[in-house]
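Reading through the structure tokens given below for one structure.
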Amino acid sequence: NVAPPVWRAGLVDDARILGAVVPEKLPKKPGADQLEREATPPWAGLQGAVSLSIKRVVYSDTFEVTNLAGRLQIDAGMVKLEGLQAGLGEGGRMNLNGAVTFNPETPQRYALVADVAVKDFDVGPLFRAIDRSRPATVEGRFDMASTVAAHAAKLTDLAPGLQGDFHLTSRGGIFRGLPVNVSNLVDNTSKLSG
């Protein structure tokens with residue numbers, strides 16, 4: 001028995017390098033249009049399951065994902081992500097279950113459905129990691145429950161078409177989404193009183 005290799009820690013930028021080996025577009029076959037090329041999903045011919053276990057994924061020095069674990073199952077018509085769990089920053093947790101299905105009989109051949117739950121996630125470090133030049137837009141701990149879905153003719157069009165219901169709650173924090181200029185505030189107050 002040989003134990004599978006375990007990725008102990010990794011940087012998000014390092015993982016992006018791996019994406020360079022996947023071609024962005026499939027080469028065109030002479031006389032074939034996009035719908036003919038997508039008569040089968042990219043995972044056609046693959047079947048089985050892969051267990052995922054990653055100790056740390058470092059996004060920046062202020063934010064990382066820990067203990068990422070789950071199971072990816074593949075069969076002819078579906079790719080299913082089961083029981084994905086991860087730690088988000090300090091004390092936050094995420095759970096995700098979802099599936100991408102393929103039906104060649106419909107114009108919108110690909111469908112995605114996913115349930116995402118986040119508990120006690122401190123979003124400040126993530127916003128600071130995204131843009132270090134200004135204070136975090138939102139700070140505080142949040143819980144979120146959502147169901148998202150999408151339908152598309154091409155697999156690459158699923159993400160832009162995501163829609164869903166989100167229930168977001170917080171027990172306090174700071175929101176800096178509306179910039180306030182005190183001089184404009186005084187000037188506008190004078191106009192209003194006039």
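Residue names in the structure tokens use chain letters A, B, ... in the order shown, residue numbers from 1 in each chain, and ligand numbers from 1 in the order shown.
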Neighbour list for range 48-50 of chain A as a PyMOL selection string, cut-off 10 Å, only C-alpha atoms, skip fewer than 2 positions in-chain: chain A and resi 46+52-53+70-76+79-81
Please produce a file of those selected residues containing C-alpha atoms, as a short mmCIF file (atom, residue, chain, number, x, y, z; two decimals), in the first residue's frame.
```cif
data_model
loop_
_atom_site.label_atom_id
_atom_site.label_comp_id
_atom_site.auth_asym_id
_atom_site.auth_seq_id
_atom_site.Cartn_x
_atom_site.Cartn_y
_atom_site.Cartn_z
CA LEU A 46 -13.53 9.42 -17.30
CA LEU A 52 -9.11 16.08 -1.92
CA SER A 53 -7.07 16.95 1.18
CA GLY A 70 -13.83 16.92 -0.11
CA ARG A 71 -14.59 14.38 -2.81
CA LEU A 72 -14.91 14.85 -6.57
CA GLN A 73 -16.94 12.19 -8.38
CA ILE A 74 -16.99 11.88 -12.17
CA ASP A 75 -19.23 9.83 -14.44
CA ALA A 76 -20.54 10.13 -17.99
CA VAL A 79 -19.10 15.96 -12.18
CA LYS A 80 -20.12 16.14 -8.53
CA LEU A 81 -18.34 17.84 -5.63
#
```
Spatial neighbours of Val65 in chain A, max dist 7 Å, only C-alpha atoms, sep filter under 5 positions, as a PyMOL selection string: chain A and resi 56-58+86-89
Length of the CA of Leu155 in chain A to CA of Ile130 in chain A vector [Å]: 26.9 Å
Who sits within 6 Å of His151 in chain A, only C-alpha atoms, same chain under 6 positions skipped, as a PyMOL selection string: chain A and resi 108+110-111
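Summary of the local environment: counting only C-alpha atoms, residues at most 12 Å from Gly172 in chain A, other than itself and those fewer than 4 positions away along its chain, are A:Asp120, A:Asp122, A:Val123, A:Val138, A:Glu139, A:Gly140, A:Arg141, A:Phe142, A:Asp143.
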Counting only C-alpha atoms, the residue of A:Leu158, A:Leu168, A:Ala153, A:Val100 that sits nearest Phe121 in chain A: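 Comparing A:Leu158, A:Leu168, A:Ala153, A:Val100 against Phe121 in chain A, the winner is A:Leu168.
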Shell of 7 Å around His167 in chain A, only C-alpha atoms, local chain residues under 5 positions omitted, as an MDAnalysis selection string: chainID A and resid 144:146
Atoms kept (N, CA, C and O atoms) for selection, written as an mmCIF file, in the first residue's frame:
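Below is the file selection-v3.cif, written as the result:
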```cif
data_model
loop_
_atom_site.group_PDB
_atom_site.id
_atom_site.type_symbol
_atom_site.label_atom_id
_atom_site.label_comp_id
_atom_site.auth_asym_id
_atom_site.auth_seq_id
_atom_site.Cartn_x
_atom_site.Cartn_y
_atom_site.Cartn_z
ATOM 1 N N MET A 144 -23.244 32.903 5.864
ATOM 2 C CA MET A 144 -23.928 32.978 4.574
ATOM 3 C C MET A 144 -24.453 31.598 4.208
ATOM 4 O O MET A 144 -23.769 30.598 4.404
ATOM 5 N N ALA A 145 -25.652 31.566 3.687
ATOM 6 C CA ALA A 145 -26.215 30.339 3.127
ATOM 7 C C ALA A 145 -26.718 30.696 1.740
ATOM 8 O O ALA A 145 -27.400 31.710 1.557
ATOM 9 N N SER A 146 -26.364 29.890 0.746
ATOM 10 C CA SER A 146 -26.798 30.207 -0.614
ATOM 11 C C SER A 146 -26.957 28.948 -1.444
ATOM 12 O O SER A 146 -26.314 27.926 -1.200
#
```
Secondary structure check, alpha helix (DSSP H) residues of range 57-158 of chain A, as a PyMOL selection string: chain A and resi 124-130
Create the file for the chosen residues now, containing N, CA and C atoms and written as a PDB file, in the first residue's frame.
```
ATOM      1  N   GLY A 124     -12.623  40.835   6.669  1.00  0.00           N
ATOM      2  CA  GLY A 124     -11.627  41.913   6.606  1.00  0.00           C
ATOM      3  C   GLY A 124     -10.304  41.491   6.005  1.00  0.00           C
ATOM      4  N   PRO A 125      -9.671  40.402   6.485  1.00  0.00           N
ATOM      5  CA  PRO A 125      -8.394  39.991   5.912  1.00  0.00           C
ATOM      6  C   PRO A 125      -8.468  39.673   4.414  1.00  0.00           C
ATOM      7  N   LEU A 126      -9.597  39.136   3.945  1.00  0.00           N
ATOM      8  CA  LEU A 126      -9.740  38.850   2.509  1.00  0.00           C
ATOM      9  C   LEU A 126      -9.776  40.141   1.709  1.00  0.00           C
ATOM     10  N   PHE A 127     -10.559  41.127   2.151  1.00  0.00           N
ATOM     11  CA  PHE A 127     -10.617  42.408   1.447  1.00  0.00           C
ATOM     12  C   PHE A 127      -9.257  43.101   1.469  1.00  0.00           C
ATOM     13  N   ARG A 128      -8.524  43.010   2.584  1.00  0.00           N
ATOM     14  CA  ARG A 128      -7.182  43.606   2.634  1.00  0.00           C
ATOM     15  C   ARG A 128      -6.227  42.894   1.682  1.00  0.00           C
ATOM     16  N   ALA A 129      -6.394  41.576   1.513  1.00  0.00           N
ATOM     17  CA  ALA A 129      -5.544  40.823   0.582  1.00  0.00           C
ATOM     18  C   ALA A 129      -5.835  41.204  -0.864  1.00  0.00           C
ATOM     19  N   ILE A 130      -7.084  41.523  -1.159  1.00  0.00           N
ATOM     20  CA  ILE A 130      -7.468  41.886  -2.524  1.00  0.00           C
ATOM     21  C   ILE A 130      -6.892  43.245  -2.901  1.00  0.00           C
TER      22      ILE A 130
END
```
One-decimal distance in Å that lies between CA of Thr101 in chain A and CA of Asp157 in chain A: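 So the two atoms, CA of Asp157 in chain A and CA of Thr101 in chain A, lie 13.6 Å apart.
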Selected residue, from A:Ala99, A:Gly45, A:Ser60, A:Gly177, that lies nearest to Arg134 in chain A when counting only C-alpha atoms: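 Looking only at the distances to Arg134 in chain A, the closest residue turns out to be A:Gly177.
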For CA of Asn95 in chain A and CA of Ala150 in chain A, the interatomic separation in Å (one decimal):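 Between CA of Asn95 in chain A and CA of Ala150 in chain A the gap works out to 19.2 Å.
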Could you go through range 80-128 of chain A and tell me which residues DSSP, when run on the backbone, assigns to strand (DSSP E or B), listing them as a PDB file with all heavy atoms, in the first residue's frame?
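Result file follows (out.pdb):
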```pdb
ATOM      1  N   LYS A  80     -19.474  15.793  -9.793  1.00  0.00           N
ATOM      2  CA  LYS A  80     -20.120  16.141  -8.529  1.00  0.00           C
ATOM      3  C   LYS A  80     -19.069  16.388  -7.452  1.00  0.00           C
ATOM      4  O   LYS A  80     -18.157  15.583  -7.274  1.00  0.00           O
ATOM      5  CB  LYS A  80     -21.032  14.990  -8.114  1.00  0.00           C
ATOM      6  CG  LYS A  80     -21.909  15.276  -6.942  1.00  0.00           C
ATOM      7  CD  LYS A  80     -22.860  14.096  -6.727  1.00  0.00           C
ATOM      8  CE  LYS A  80     -23.844  14.383  -5.639  1.00  0.00           C
ATOM      9  NZ  LYS A  80     -24.777  13.261  -5.438  1.00  0.00           N
ATOM     10  N   LEU A  81     -19.202  17.503  -6.745  1.00  0.00           N
ATOM     11  CA  LEU A  81     -18.336  17.841  -5.630  1.00  0.00           C
ATOM     12  C   LEU A  81     -19.130  17.604  -4.356  1.00  0.00           C
ATOM     13  O   LEU A  81     -20.162  18.238  -4.137  1.00  0.00           O
ATOM     14  CB  LEU A  81     -17.890  19.295  -5.725  1.00  0.00           C
ATOM     15  CG  LEU A  81     -16.851  19.779  -4.735  1.00  0.00           C
ATOM     16  CD1 LEU A  81     -15.574  18.953  -4.834  1.00  0.00           C
ATOM     17  CD2 LEU A  81     -16.530  21.237  -4.976  1.00  0.00           C
ATOM     18  N   GLU A  82     -18.653  16.677  -3.537  1.00  0.00           N
ATOM     19  CA  GLU A  82     -19.391  16.274  -2.339  1.00  0.00           C
ATOM     20  C   GLU A  82     -18.623  16.648  -1.075  1.00  0.00           C
ATOM     21  O   GLU A  82     -17.436  16.350  -0.957  1.00  0.00           O
ATOM     22  CB  GLU A  82     -19.622  14.766  -2.333  1.00  0.00           C
ATOM     23  CG  GLU A  82     -20.387  14.255  -3.526  1.00  0.00           C
ATOM     24  CD  GLU A  82     -20.420  12.731  -3.578  1.00  0.00           C
ATOM     25  OE1 GLU A  82     -19.396  12.092  -3.254  1.00  0.00           O
ATOM     26  OE2 GLU A  82     -21.475  12.194  -3.949  1.00  0.00           O
ATOM     27  N   GLY A  83     -19.299  17.269  -0.150  1.00  0.00           N
ATOM     28  CA  GLY A  83     -18.743  17.512   1.173  1.00  0.00           C
ATOM     29  C   GLY A  83     -17.465  18.312   1.212  1.00  0.00           C
ATOM     30  O   GLY A  83     -16.611  18.055   2.055  1.00  0.00           O
ATOM     31  N   LEU A  84     -17.322  19.299   0.328  1.00  0.00           N
ATOM     32  CA  LEU A  84     -16.130  20.140   0.385  1.00  0.00           C
ATOM     33  C   LEU A  84     -16.209  21.010   1.632  1.00  0.00           C
ATOM     34  O   LEU A  84     -17.200  21.696   1.861  1.00  0.00           O
ATOM     35  CB  LEU A  84     -16.006  21.020  -0.854  1.00  0.00           C
ATOM     36  CG  LEU A  84     -14.745  21.886  -0.900  1.00  0.00           C
ATOM     37  CD1 LEU A  84     -13.526  21.018  -1.176  1.00  0.00           C
ATOM     38  CD2 LEU A  84     -14.854  22.966  -1.939  1.00  0.00           C
ATOM     39  N   GLN A  85     -15.180  20.953   2.463  1.00  0.00           N
ATOM     40  CA  GLN A  85     -15.106  21.744   3.681  1.00  0.00           C
ATOM     41  C   GLN A  85     -13.762  22.448   3.721  1.00  0.00           C
ATOM     42  O   GLN A  85     -12.769  21.927   3.230  1.00  0.00           O
ATOM     43  CB  GLN A  85     -15.225  20.851   4.915  1.00  0.00           C
ATOM     44  CG  GLN A  85     -16.524  20.104   5.006  1.00  0.00           C
ATOM     45  CD  GLN A  85     -16.587  19.233   6.248  1.00  0.00           C
ATOM     46  OE1 GLN A  85     -15.653  19.175   7.038  1.00  0.00           O
ATOM     47  NE2 GLN A  85     -17.705  18.566   6.428  1.00  0.00           N
ATOM     48  N   ALA A  86     -13.761  23.632   4.328  1.00  0.00           N
ATOM     49  CA  ALA A  86     -12.501  24.362   4.454  1.00  0.00           C
ATOM     50  C   ALA A  86     -12.601  25.361   5.585  1.00  0.00           C
ATOM     51  O   ALA A  86     -13.682  25.865   5.897  1.00  0.00           O
ATOM     52  CB  ALA A  86     -12.169  25.086   3.151  1.00  0.00           C
ATOM     53  N   GLY A  87     -11.454  25.660   6.187  1.00  0.00           N
ATOM     54  CA  GLY A  87     -11.350  26.740   7.151  1.00  0.00           C
ATOM     55  C   GLY A  87     -11.027  28.017   6.400  1.00  0.00           C
ATOM     56  O   GLY A  87     -10.184  28.029   5.506  1.00  0.00           O
ATOM     57  N   LEU A  88     -11.710  29.097   6.744  1.00  0.00           N
ATOM     58  CA  LEU A  88     -11.497  30.388   6.088  1.00  0.00           C
ATOM     59  C   LEU A  88     -10.933  31.368   7.102  1.00  0.00           C
ATOM     60  O   LEU A  88     -11.631  31.786   8.029  1.00  0.00           O
ATOM     61  CB  LEU A  88     -12.813  30.936   5.529  1.00  0.00           C
ATOM     62  CG  LEU A  88     -13.531  30.083   4.491  1.00  0.00           C
ATOM     63  CD1 LEU A  88     -14.871  30.704   4.129  1.00  0.00           C
ATOM     64  CD2 LEU A  88     -12.672  29.914   3.253  1.00  0.00           C
ATOM     65  N   GLY A  92     -13.300  30.816  10.611  1.00  0.00           N
ATOM     66  CA  GLY A  92     -14.384  30.682   9.644  1.00  0.00           C
ATOM     67  C   GLY A  92     -14.427  29.288   9.037  1.00  0.00           C
ATOM     68  O   GLY A  92     -13.409  28.604   8.951  1.00  0.00           O
ATOM     69  N   ARG A  93     -15.611  28.842   8.621  1.00  0.00           N
ATOM     70  CA  ARG A  93     -15.788  27.522   7.994  1.00  0.00           C
ATOM     71  C   ARG A  93     -16.655  27.658   6.757  1.00  0.00           C
ATOM     72  O   ARG A  93     -17.582  28.479   6.713  1.00  0.00           O
ATOM     73  CB  ARG A  93     -16.496  26.547   8.945  1.00  0.00           C
ATOM     74  CG  ARG A  93     -15.749  26.158  10.171  1.00  0.00           C
ATOM     75  CD  ARG A  93     -14.524  25.303   9.972  1.00  0.00           C
ATOM     76  NE  ARG A  93     -14.747  24.143   9.121  1.00  0.00           N
ATOM     77  CZ  ARG A  93     -13.784  23.542   8.427  1.00  0.00           C
ATOM     78  NH1 ARG A  93     -12.554  23.975   8.484  1.00  0.00           N
ATOM     79  NH2 ARG A  93     -14.038  22.505   7.692  1.00  0.00           N
ATOM     80  N   MET A  94     -16.359  26.828   5.747  1.00  0.00           N
ATOM     81  CA  MET A  94     -17.160  26.787   4.536  1.00  0.00           C
ATOM     82  C   MET A  94     -17.494  25.344   4.210  1.00  0.00           C
ATOM     83  O   MET A  94     -16.648  24.459   4.352  1.00  0.00           O
ATOM     84  CB  MET A  94     -16.409  27.392   3.349  1.00  0.00           C
ATOM     85  CG  MET A  94     -17.243  27.364   2.093  1.00  0.00           C
ATOM     86  SD  MET A  94     -16.332  27.376   0.525  1.00  0.00           S
ATOM     87  CE  MET A  94     -15.268  25.999   0.642  1.00  0.00           C
ATOM     88  N   ASN A  95     -18.725  25.100   3.763  1.00  0.00           N
ATOM     89  CA  ASN A  95     -19.166  23.794   3.259  1.00  0.00           C
ATOM     90  C   ASN A  95     -19.782  24.020   1.891  1.00  0.00           C
ATOM     91  O   ASN A  95     -20.553  24.972   1.707  1.00  0.00           O
ATOM     92  CB  ASN A  95     -20.212  23.164   4.192  1.00  0.00           C
ATOM     93  CG  ASN A  95     -19.637  22.843   5.544  1.00  0.00           C
ATOM     94  OD1 ASN A  95     -18.667  22.112   5.651  1.00  0.00           O
ATOM     95  ND2 ASN A  95     -20.218  23.413   6.576  1.00  0.00           N
ATOM     96  N   LEU A  96     -19.452  23.142   0.941  1.00  0.00           N
ATOM     97  CA  LEU A  96     -19.967  23.275  -0.412  1.00  0.00           C
ATOM     98  C   LEU A  96     -20.287  21.897  -0.980  1.00  0.00           C
ATOM     99  O   LEU A  96     -19.486  20.962  -0.833  1.00  0.00           O
ATOM    100  CB  LEU A  96     -18.934  23.977  -1.290  1.00  0.00           C
ATOM    101  CG  LEU A  96     -19.356  24.279  -2.722  1.00  0.00           C
ATOM    102  CD1 LEU A  96     -18.834  25.641  -3.139  1.00  0.00           C
ATOM    103  CD2 LEU A  96     -18.840  23.240  -3.686  1.00  0.00           C
ATOM    104  N   ASN A  97     -21.431  21.772  -1.607  1.00  0.00           N
ATOM    105  CA  ASN A  97     -21.830  20.590  -2.366  1.00  0.00           C
ATOM    106  C   ASN A  97     -22.385  21.091  -3.682  1.00  0.00           C
ATOM    107  O   ASN A  97     -23.150  22.065  -3.705  1.00  0.00           O
ATOM    108  CB  ASN A  97     -22.920  19.792  -1.635  1.00  0.00           C
ATOM    109  CG  ASN A  97     -22.384  19.097  -0.409  1.00  0.00           C
ATOM    110  OD1 ASN A  97     -21.601  18.180  -0.507  1.00  0.00           O
ATOM    111  ND2 ASN A  97     -22.787  19.567   0.772  1.00  0.00           N
ATOM    112  N   GLY A  98     -22.014  20.446  -4.765  1.00  0.00           N
ATOM    113  CA  GLY A  98     -22.522  20.897  -6.055  1.00  0.00           C
ATOM    114  C   GLY A  98     -22.271  19.895  -7.154  1.00  0.00           C
ATOM    115  O   GLY A  98     -21.547  18.912  -6.968  1.00  0.00           O
ATOM    116  N   ALA A  99     -22.879  20.157  -8.305  1.00  0.00           N
ATOM    117  CA  ALA A  99     -22.720  19.258  -9.446  1.00  0.00           C
ATOM    118  C   ALA A  99     -22.846  20.043 -10.741  1.00  0.00           C
ATOM    119  O   ALA A  99     -23.598  21.017 -10.834  1.00  0.00           O
ATOM    120  CB  ALA A  99     -23.764  18.155  -9.402  1.00  0.00           C
ATOM    121  N   VAL A 100     -22.091  19.596 -11.730  1.00  0.00           N
ATOM    122  CA  VAL A 100     -22.232  20.081 -13.105  1.00  0.00           C
ATOM    123  C   VAL A 100     -22.699  18.886 -13.920  1.00  0.00           C
ATOM    124  O   VAL A 100     -22.058  17.835 -13.904  1.00  0.00           O
ATOM    125  CB  VAL A 100     -20.896  20.622 -13.667  1.00  0.00           C
ATOM    126  CG1 VAL A 100     -21.051  21.000 -15.135  1.00  0.00           C
ATOM    127  CG2 VAL A 100     -20.423  21.813 -12.860  1.00  0.00           C
ATOM    128  N   THR A 101     -23.831  19.053 -14.598  1.00  0.00           N
ATOM    129  CA  THR A 101     -24.374  17.968 -15.418  1.00  0.00           C
ATOM    130  C   THR A 101     -24.328  18.356 -16.888  1.00  0.00           C
ATOM    131  O   THR A 101     -24.237  19.537 -17.229  1.00  0.00           O
ATOM    132  CB  THR A 101     -25.827  17.636 -15.011  1.00  0.00           C
ATOM    133  OG1 THR A 101     -26.624  18.828 -15.124  1.00  0.00           O
ATOM    134  CG2 THR A 101     -25.888  17.118 -13.583  1.00  0.00           C
ATOM    135  N   PHE A 102     -24.396  17.339 -17.745  1.00  0.00           N
ATOM    136  CA  PHE A 102     -24.348  17.544 -19.194  1.00  0.00           C
ATOM    137  C   PHE A 102     -25.482  16.762 -19.832  1.00  0.00           C
ATOM    138  O   PHE A 102     -25.639  15.564 -19.584  1.00  0.00           O
ATOM    139  CB  PHE A 102     -23.000  17.049 -19.745  1.00  0.00           C
ATOM    140  CG  PHE A 102     -22.887  17.170 -21.240  1.00  0.00           C
ATOM    141  CD1 PHE A 102     -22.575  18.383 -21.821  1.00  0.00           C
ATOM    142  CD2 PHE A 102     -23.105  16.071 -22.058  1.00  0.00           C
ATOM    143  CE1 PHE A 102     -22.468  18.499 -23.200  1.00  0.00           C
ATOM    144  CE2 PHE A 102     -22.990  16.185 -23.433  1.00  0.00           C
ATOM    145  CZ  PHE A 102     -22.675  17.399 -24.008  1.00  0.00           C
ATOM    146  N   TYR A 110     -25.112  22.345 -20.415  1.00  0.00           N
ATOM    147  CA  TYR A 110     -24.481  22.265 -19.092  1.00  0.00           C
ATOM    148  C   TYR A 110     -25.379  22.925 -18.048  1.00  0.00           C
ATOM    149  O   TYR A 110     -25.981  23.969 -18.295  1.00  0.00           O
ATOM    150  CB  TYR A 110     -23.120  22.964 -19.094  1.00  0.00           C
ATOM    151  CG  TYR A 110     -22.104  22.260 -19.946  1.00  0.00           C
ATOM    152  CD1 TYR A 110     -21.888  22.647 -21.270  1.00  0.00           C
ATOM    153  CD2 TYR A 110     -21.352  21.204 -19.447  1.00  0.00           C
ATOM    154  CE1 TYR A 110     -20.950  21.993 -22.056  1.00  0.00           C
ATOM    155  CE2 TYR A 110     -20.420  20.560 -20.222  1.00  0.00           C
ATOM    156  CZ  TYR A 110     -20.225  20.956 -21.525  1.00  0.00           C
ATOM    157  OH  TYR A 110     -19.311  20.307 -22.302  1.00  0.00           O
ATOM    158  N   ALA A 111     -25.441  22.320 -16.876  1.00  0.00           N
ATOM    159  CA  ALA A 111     -26.184  22.896 -15.753  1.00  0.00           C
ATOM    160  C   ALA A 111     -25.335  22.751 -14.496  1.00  0.00           C
ATOM    161  O   ALA A 111     -24.663  21.741 -14.298  1.00  0.00           O
ATOM    162  CB  ALA A 111     -27.523  22.186 -15.572  1.00  0.00           C
ATOM    163  N   LEU A 112     -25.373  23.764 -13.664  1.00  0.00           N
ATOM    164  CA  LEU A 112     -24.646  23.749 -12.402  1.00  0.00           C
ATOM    165  C   LEU A 112     -25.614  24.085 -11.275  1.00  0.00           C
ATOM    166  O   LEU A 112     -26.417  25.004 -11.409  1.00  0.00           O
ATOM    167  CB  LEU A 112     -23.524  24.785 -12.427  1.00  0.00           C
ATOM    168  CG  LEU A 112     -22.689  24.915 -11.146  1.00  0.00           C
ATOM    169  CD1 LEU A 112     -21.246  25.188 -11.483  1.00  0.00           C
ATOM    170  CD2 LEU A 112     -23.222  25.982 -10.232  1.00  0.00           C
ATOM    171  N   VAL A 113     -25.543  23.320 -10.207  1.00  0.00           N
ATOM    172  CA  VAL A 113     -26.298  23.599  -8.986  1.00  0.00           C
ATOM    173  C   VAL A 113     -25.346  23.392  -7.820  1.00  0.00           C
ATOM    174  O   VAL A 113     -24.634  22.389  -7.773  1.00  0.00           O
ATOM    175  CB  VAL A 113     -27.523  22.673  -8.834  1.00  0.00           C
ATOM    176  CG1 VAL A 113     -28.223  22.919  -7.517  1.00  0.00           C
ATOM    177  CG2 VAL A 113     -28.499  22.870  -9.976  1.00  0.00           C
ATOM    178  N   ALA A 114     -25.325  24.349  -6.877  1.00  0.00           N
ATOM    179  CA  ALA A 114     -24.434  24.225  -5.723  1.00  0.00           C
ATOM    180  C   ALA A 114     -25.063  24.868  -4.496  1.00  0.00           C
ATOM    181  O   ALA A 114     -25.769  25.875  -4.598  1.00  0.00           O
ATOM    182  CB  ALA A 114     -23.083  24.876  -6.015  1.00  0.00           C
ATOM    183  N   ASP A 115     -24.798  24.266  -3.351  1.00  0.00           N
ATOM    184  CA  ASP A 115     -25.184  24.817  -2.049  1.00  0.00           C
ATOM    185  C   ASP A 115     -23.913  25.206  -1.318  1.00  0.00           C
ATOM    186  O   ASP A 115     -22.993  24.391  -1.198  1.00  0.00           O
ATOM    187  CB  ASP A 115     -25.951  23.784  -1.222  1.00  0.00           C
ATOM    188  CG  ASP A 115     -27.310  23.465  -1.817  1.00  0.00           C
ATOM    189  OD1 ASP A 115     -28.003  24.412  -2.246  1.00  0.00           O
ATOM    190  OD2 ASP A 115     -27.673  22.282  -1.871  1.00  0.00           O
ATOM    191  N   VAL A 116     -23.878  26.447  -0.826  1.00  0.00           N
ATOM    192  CA  VAL A 116     -22.698  26.951  -0.129  1.00  0.00           C
ATOM    193  C   VAL A 116     -23.140  27.483   1.230  1.00  0.00           C
ATOM    194  O   VAL A 116     -24.113  28.232   1.329  1.00  0.00           O
ATOM    195  CB  VAL A 116     -22.022  28.101  -0.921  1.00  0.00           C
ATOM    196  CG1 VAL A 116     -20.777  28.587  -0.212  1.00  0.00           C
ATOM    197  CG2 VAL A 116     -21.714  27.682  -2.343  1.00  0.00           C
ATOM    198  N   ALA A 117     -22.424  27.087   2.270  1.00  0.00           N
ATOM    199  CA  ALA A 117     -22.685  27.604   3.615  1.00  0.00           C
ATOM    200  C   ALA A 117     -21.363  28.073   4.217  1.00  0.00           C
ATOM    201  O   ALA A 117     -20.365  27.354   4.170  1.00  0.00           O
ATOM    202  CB  ALA A 117     -23.310  26.529   4.496  1.00  0.00           C
ATOM    203  N   VAL A 118     -21.364  29.282   4.744  1.00  0.00           N
ATOM    204  CA  VAL A 118     -20.182  29.859   5.379  1.00  0.00           C
ATOM    205  C   VAL A 118     -20.581  30.287   6.785  1.00  0.00           C
ATOM    206  O   VAL A 118     -21.631  30.901   6.976  1.00  0.00           O
ATOM    207  CB  VAL A 118     -19.662  31.077   4.572  1.00  0.00           C
ATOM    208  CG1 VAL A 118     -18.521  31.759   5.298  1.00  0.00           C
ATOM    209  CG2 VAL A 118     -19.243  30.647   3.178  1.00  0.00           C
ATOM    210  N   LYS A 119     -19.749  29.962   7.766  1.00  0.00           N
ATOM    211  CA  LYS A 119     -20.027  30.300   9.168  1.00  0.00           C
ATOM    212  C   LYS A 119     -18.866  31.080   9.766  1.00  0.00           C
ATOM    213  O   LYS A 119     -17.706  30.711   9.586  1.00  0.00           O
ATOM    214  CB  LYS A 119     -20.229  29.027  10.009  1.00  0.00           C
ATOM    215  CG  LYS A 119     -21.434  28.218   9.629  1.00  0.00           C
ATOM    216  CD  LYS A 119     -22.681  28.856  10.147  1.00  0.00           C
ATOM    217  CE  LYS A 119     -23.876  27.962   9.865  1.00  0.00           C
ATOM    218  NZ  LYS A 119     -25.117  28.644  10.052  1.00  0.00           N
ATOM    219  N   ASP A 120     -19.187  32.162  10.457  1.00  0.00           N
ATOM    220  CA  ASP A 120     -18.235  32.920  11.272  1.00  0.00           C
ATOM    221  C   ASP A 120     -16.982  33.347  10.486  1.00  0.00           C
ATOM    222  O   ASP A 120     -15.858  33.246  10.974  1.00  0.00           O
ATOM    223  CB  ASP A 120     -17.842  32.093  12.501  1.00  0.00           C
ATOM    224  CG  ASP A 120     -17.386  32.967  13.652  1.00  0.00           C
ATOM    225  OD1 ASP A 120     -17.844  34.118  13.747  1.00  0.00           O
ATOM    226  OD2 ASP A 120     -16.550  32.501  14.455  1.00  0.00           O
ATOM    227  N   PHE A 121     -17.186  33.833   9.268  1.00  0.00           N
ATOM    228  CA  PHE A 121     -16.085  34.223   8.389  1.00  0.00           C
ATOM    229  C   PHE A 121     -15.761  35.699   8.577  1.00  0.00           C
ATOM    230  O   PHE A 121     -16.598  36.564   8.355  1.00  0.00           O
ATOM    231  CB  PHE A 121     -16.458  33.922   6.946  1.00  0.00           C
ATOM    232  CG  PHE A 121     -15.441  34.351   5.923  1.00  0.00           C
ATOM    233  CD1 PHE A 121     -14.082  34.239   6.168  1.00  0.00           C
ATOM    234  CD2 PHE A 121     -15.835  34.854   4.699  1.00  0.00           C
ATOM    235  CE1 PHE A 121     -13.140  34.628   5.230  1.00  0.00           C
ATOM    236  CE2 PHE A 121     -14.908  35.237   3.745  1.00  0.00           C
ATOM    237  CZ  PHE A 121     -13.564  35.128   4.013  1.00  0.00           C
ATOM    238  N   ASP A 122     -14.525  36.002   8.998  1.00  0.00           N
ATOM    239  CA  ASP A 122     -14.035  37.373   9.133  1.00  0.00           C
ATOM    240  C   ASP A 122     -13.552  37.826   7.760  1.00  0.00           C
ATOM    241  O   ASP A 122     -12.494  37.406   7.285  1.00  0.00           O
ATOM    242  CB  ASP A 122     -12.905  37.435  10.158  1.00  0.00           C
ATOM    243  CG  ASP A 122     -12.397  38.851  10.397  1.00  0.00           C
ATOM    244  OD1 ASP A 122     -12.957  39.803   9.806  1.00  0.00           O
ATOM    245  OD2 ASP A 122     -11.441  38.996  11.166  1.00  0.00           O
TER     246      ASP A 122
END
```
Minimum-distance residue to Pro104 in chain A, chosen among A:Ala69, A:Ala159, A:Ala152, A:Leu178 (using only C-alpha atoms): A:Ala152
